[in-house]
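Colleague: Questions regarding the structure given below will be posed in turn.
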Amino acid sequence: MKRKSWKLGSLGLAAMLLLGACSSGSAEESKGKEYKLKMSVTVNDSSTWYAAAKKLSDDVSEETDGRIKIEVFPNEQLSGGDSGKAVEMLSKGSTDLTFNSTIIYSILDERFGVASAPFLFNNTDEVDKVFGGEGGEAITKILEEKGVKALGFGQNGFRQVTNSVKEIKSPEDLKGLKIRIPGITMYTDLYRTLGADPTTMTFSEVFTSLQQGTINGQENPIDVIHSSKLNEVQDYLTLWNYSYDPLVLGMNKKLYDSMSKEDQELFARLGKEAAEYQVELAREKETKQLEELKAAGMKLYEPTEDELAKFKEVVQPVYDKYTSIWGEDLLKAFQKR
């Protein structure tokens with residue numbers, strides 16, 4: 001009996017050694033492996049998103065002497081212009097890397113919507129603190145559940161509202177206005193709560209719809225408003241920072257996990273640097289863009305603290321509805337200052 005037990009133990013030990021050798025071999029095989037990766041970016045090649053993606057591509061190629069190459073595709077070329085499909089492709093591994101908004105990630109999981117909850121942040125200092133702390137860690141974990149490794153967080157910016165009717169200083173000013181919004185349920189609920197008439201359509205239709213008066217207004221970050229020349233069809237811009245729009249520089253997790261430790265550390269470091277570079281560019285650009293919109297004749301209005309307090313009070317039902325969807329702990333992580 002003892003001899004039989006010894007034989008079984010020997011077989012078990014041999015199996016463990018074999019598995020260890022295989023695991024070590026896999027890590028060794030990944031070392032020095034060549035990669036030709038594809039990265040999708042939602043917007044065009046003049047954007048800060050593309051500039052950051054290009055920086056990542058160049059830096060990775062330089063530090064690996066061309067062993068790892070990243071080809072960057074702007075305008076969602078890999079997903080046929082569909083940013084929702086782009087994050088699904090990243091999650092499944094059909095695409096290697098992407099730069100996408102967490103608003104788009106809400107298609108995969110509604111919890112991502114917490115990052116853009118109404119009037120959650122007052123300024124970018126609060127944004128940086130939350131994404132550099134528990135909030136960023138929480139979103140990173142949810143992304144991993146969806147098969148995405150977050151290399152860094154960028155910014156699309158605070159979403160502002162424009163219209164061609166009047167200055168928006170209170171919830172009453174929004175009543176009855178047809179405002180184009182993203183096709184996300186939270187935004188529909190939010191604008192209905194504010195008394196507006198929310199409308200969804202592809203962004204390519206927005207300029208013409210504003211021009212023809214089919215809709216009265218729209219909401220987007222300053223970069224989108226400026227680059228799309230919406231000042232030509234909109235007179236009023238309200239700077240109320242009502243919803244923050246973060247970006248995720250994401251990599252397919254299976255791909256990341258399959259890489260050698262050295263390559264993982266390389267992507268973690270250079271991805272973080274690329275995302276920080278995009279944020280820096282975006283914030284510098286926004287200041288200049290606001291000046292140009294004002295010079296072009298657009299009327300800019302920044303609500304007072306008392307006026308913002310009224311908006312926050314009116315949208316409380318949105319929190320009542322979505323807290324259970326986001327989860328109380330996740331919301332608290334984003335509210336923590």
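Quick note on naming: the chains in the structure tokens go A, B, ... in the order shown, residues restart at 1 in each chain, and ligands are numbered from 1 in order of appearance.
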Would you mind writing down, as a ChimeraX atom specification, each residue of segment 102-242 of chain A that DSSP on the backbone assigns to strand (DSSP E)?
Modeller: /A:148-163,178-181,197-200,217-221,236-242
Colleague: Pull the helix (DSSP H, G or I) assignments for segment 48-270 of chain A out of DSSP run on the backbone, and list those residues as a PyMOL selection string.
Modeller: chain A and resi 48-63+77-79+83-92+102-105+110-116+124-131+134-145+171-174+185-193+203-212+222-227+230-232+253-258+261-270
Colleague: Taking into account only C-alpha atoms, which residue in the set A:Ser228, A:Thr304, A:Thr98, A:Asn44 is nearest to Gly154 of chain A?
Modeller: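 Using only C-alpha atoms, the shortest distance to Gly154 of chain A belongs to A:Thr98.
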Colleague: Nearest to Gln278 of chain A among A:Leu247, A:Val224, A:Met89, A:Leu300, with distances taken over only C-alpha atoms: which residue is it?
Modeller: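 Of the candidates, the smallest distance to Gln278 of chain A is held by A:Leu247.
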Colleague: Which distance in Å separates atom CA of Ala282 of chain A and atom CA of Gly84 of chain A, to one decimal?
Modeller: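 It comes out at 22.7 Å.
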Colleague: Using only C-alpha atoms, which of the listed residues (A:Ser91, A:Asn216, A:Asn122, A:Asn252) sits closest to Asn163 of chain A?
Modeller: A:Asn216
Colleague: I'd like to know which of A:Asp235, A:Asp197, A:Glu145, A:Glu276 is closest to Arg111 of chain A, using only C-alpha atoms.
Modeller: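 Distance minimum relative to Arg111 of chain A lands on A:Glu145.
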Colleague: Rank nothing, just name the residue among A:Ser61, A:Gln160, A:Gln264, A:Ser101 nearest to Ala86 of chain A, using only C-alpha atoms.
Modeller: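 Of A:Ser61, A:Gln160, A:Gln264, A:Ser101, the one nearest Ala86 of chain A, counting only C-alpha atoms, is A:Ser101.
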Colleague: Which is closer to Ala52 of chain A than all the others in A:Glu273, A:Asp125, A:Glu305, A:Glu284, using only C-alpha atoms?
Modeller: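 Closest to Ala52 of chain A, using only C-alpha atoms: A:Glu273.
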Colleague: Would you list the contacts of Ile68 of chain A as a list of chain:residue names, taking every protein, DNA or RNA residue within 8 Å and counting only C-alpha atoms, but skipping same-chain residues closer than 4 positions in sequence?
Modeller: A:Glu34, A:Tyr35, A:Lys36, A:Leu37, A:Val60, A:Ser61, A:Thr64
Colleague: If we count only C-alpha atoms and set the cut-off at 9 Å, which residues sit around Gln211 of chain A, ignoring sequence neighbours fewer than 5 positions away in its own chain? Please answer as a PyMOL selection string.
Modeller: chain A and resi 206+232-234
Colleague: May I have the selected residues written with C-alpha atoms, as a compact mmCIF listing (two decimals), in the first residue's frame?
Modeller:
# COMPACT_ATOMS: atom_id res chain seq x y z
CA VAL A 206 -27.22 66.97 -35.89
CA GLU A 232 -22.92 78.42 -37.04
CA VAL A 233 -26.35 77.01 -36.13
CA GLN A 234 -26.49 77.65 -32.37
Colleague: Quick one, how far is atom CA of Leu190 of chain A from atom CA of Leu249 of chain A?
Modeller: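 Straight-line distance from atom CA of Leu190 of chain A to atom CA of Leu249 of chain A works out to 27.3 Å.
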Colleague: Just the residues within 9 Å of Gly183 of chain A, please, counting only C-alpha atoms, with nothing from its chain fewer than 3 positions along; format it as a compact mmCIF listing (two decimals) with N, CA and C atoms, in the first residue's frame.
Modeller:
# COMPACT_ATOMS: atom_id res chain seq x y z
N MET A 186 -30.07 56.81 -19.44
CA MET A 186 -29.89 57.76 -18.34
C MET A 186 -30.07 59.20 -18.82
N TYR A 187 -29.55 59.51 -20.02
CA TYR A 187 -29.67 60.88 -20.53
C TYR A 187 -31.12 61.20 -20.92
N THR A 188 -31.82 60.21 -21.43
CA THR A 188 -33.24 60.40 -21.75
C THR A 188 -34.02 60.73 -20.48
N THR A 199 -34.18 64.03 -27.75
CA THR A 199 -34.26 63.35 -29.04
C THR A 199 -32.94 62.67 -29.34
N THR A 200 -32.99 61.44 -29.84
CA THR A 200 -31.76 60.73 -30.21
C THR A 200 -31.66 60.64 -31.73
N MET A 201 -30.44 60.80 -32.23
CA MET A 201 -30.16 60.66 -33.66
C MET A 201 -28.65 60.52 -33.80
N THR A 202 -28.19 60.02 -34.94
CA THR A 202 -26.75 59.91 -35.16
C THR A 202 -26.18 61.32 -35.24
Colleague: Env of Tyr319 of chain A: 10 Å cut, atoms = only C-alpha atoms, seq-sep filter 4 positions within chain, self excluded. Answer as a list in words.
Modeller: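 Everything that qualifies: Val114, Ala117, Pro118, Met186, Leu190, Val315, Thr323, Ser324, Ile325, Trp326 and Leu331 of chain A.
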Colleague: Name all residues at most 12 Å from Asn123 of chain A (count only C-alpha atoms; drop same-chain ones fewer than 2 positions away) and give them as a list of chain:residue names.
Modeller: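 These residues fall inside the cut-off: A:Phe119, A:Leu120, A:Phe121, A:Asp125, A:Glu126, A:Val127, A:Asp128, A:Lys129, A:Val130, A:Gly157, A:Phe158, A:Arg159, A:Leu239, A:Trp240, A:Asn241, A:Tyr242, A:Ser243, A:Tyr244, A:Arg283, A:Arg337.
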Colleague: Could you jot down the atom CA of Leu290 of chain A to atom CA of Val314 of chain A separation for me, Å, one decimal place?
Modeller: 27.7 Å
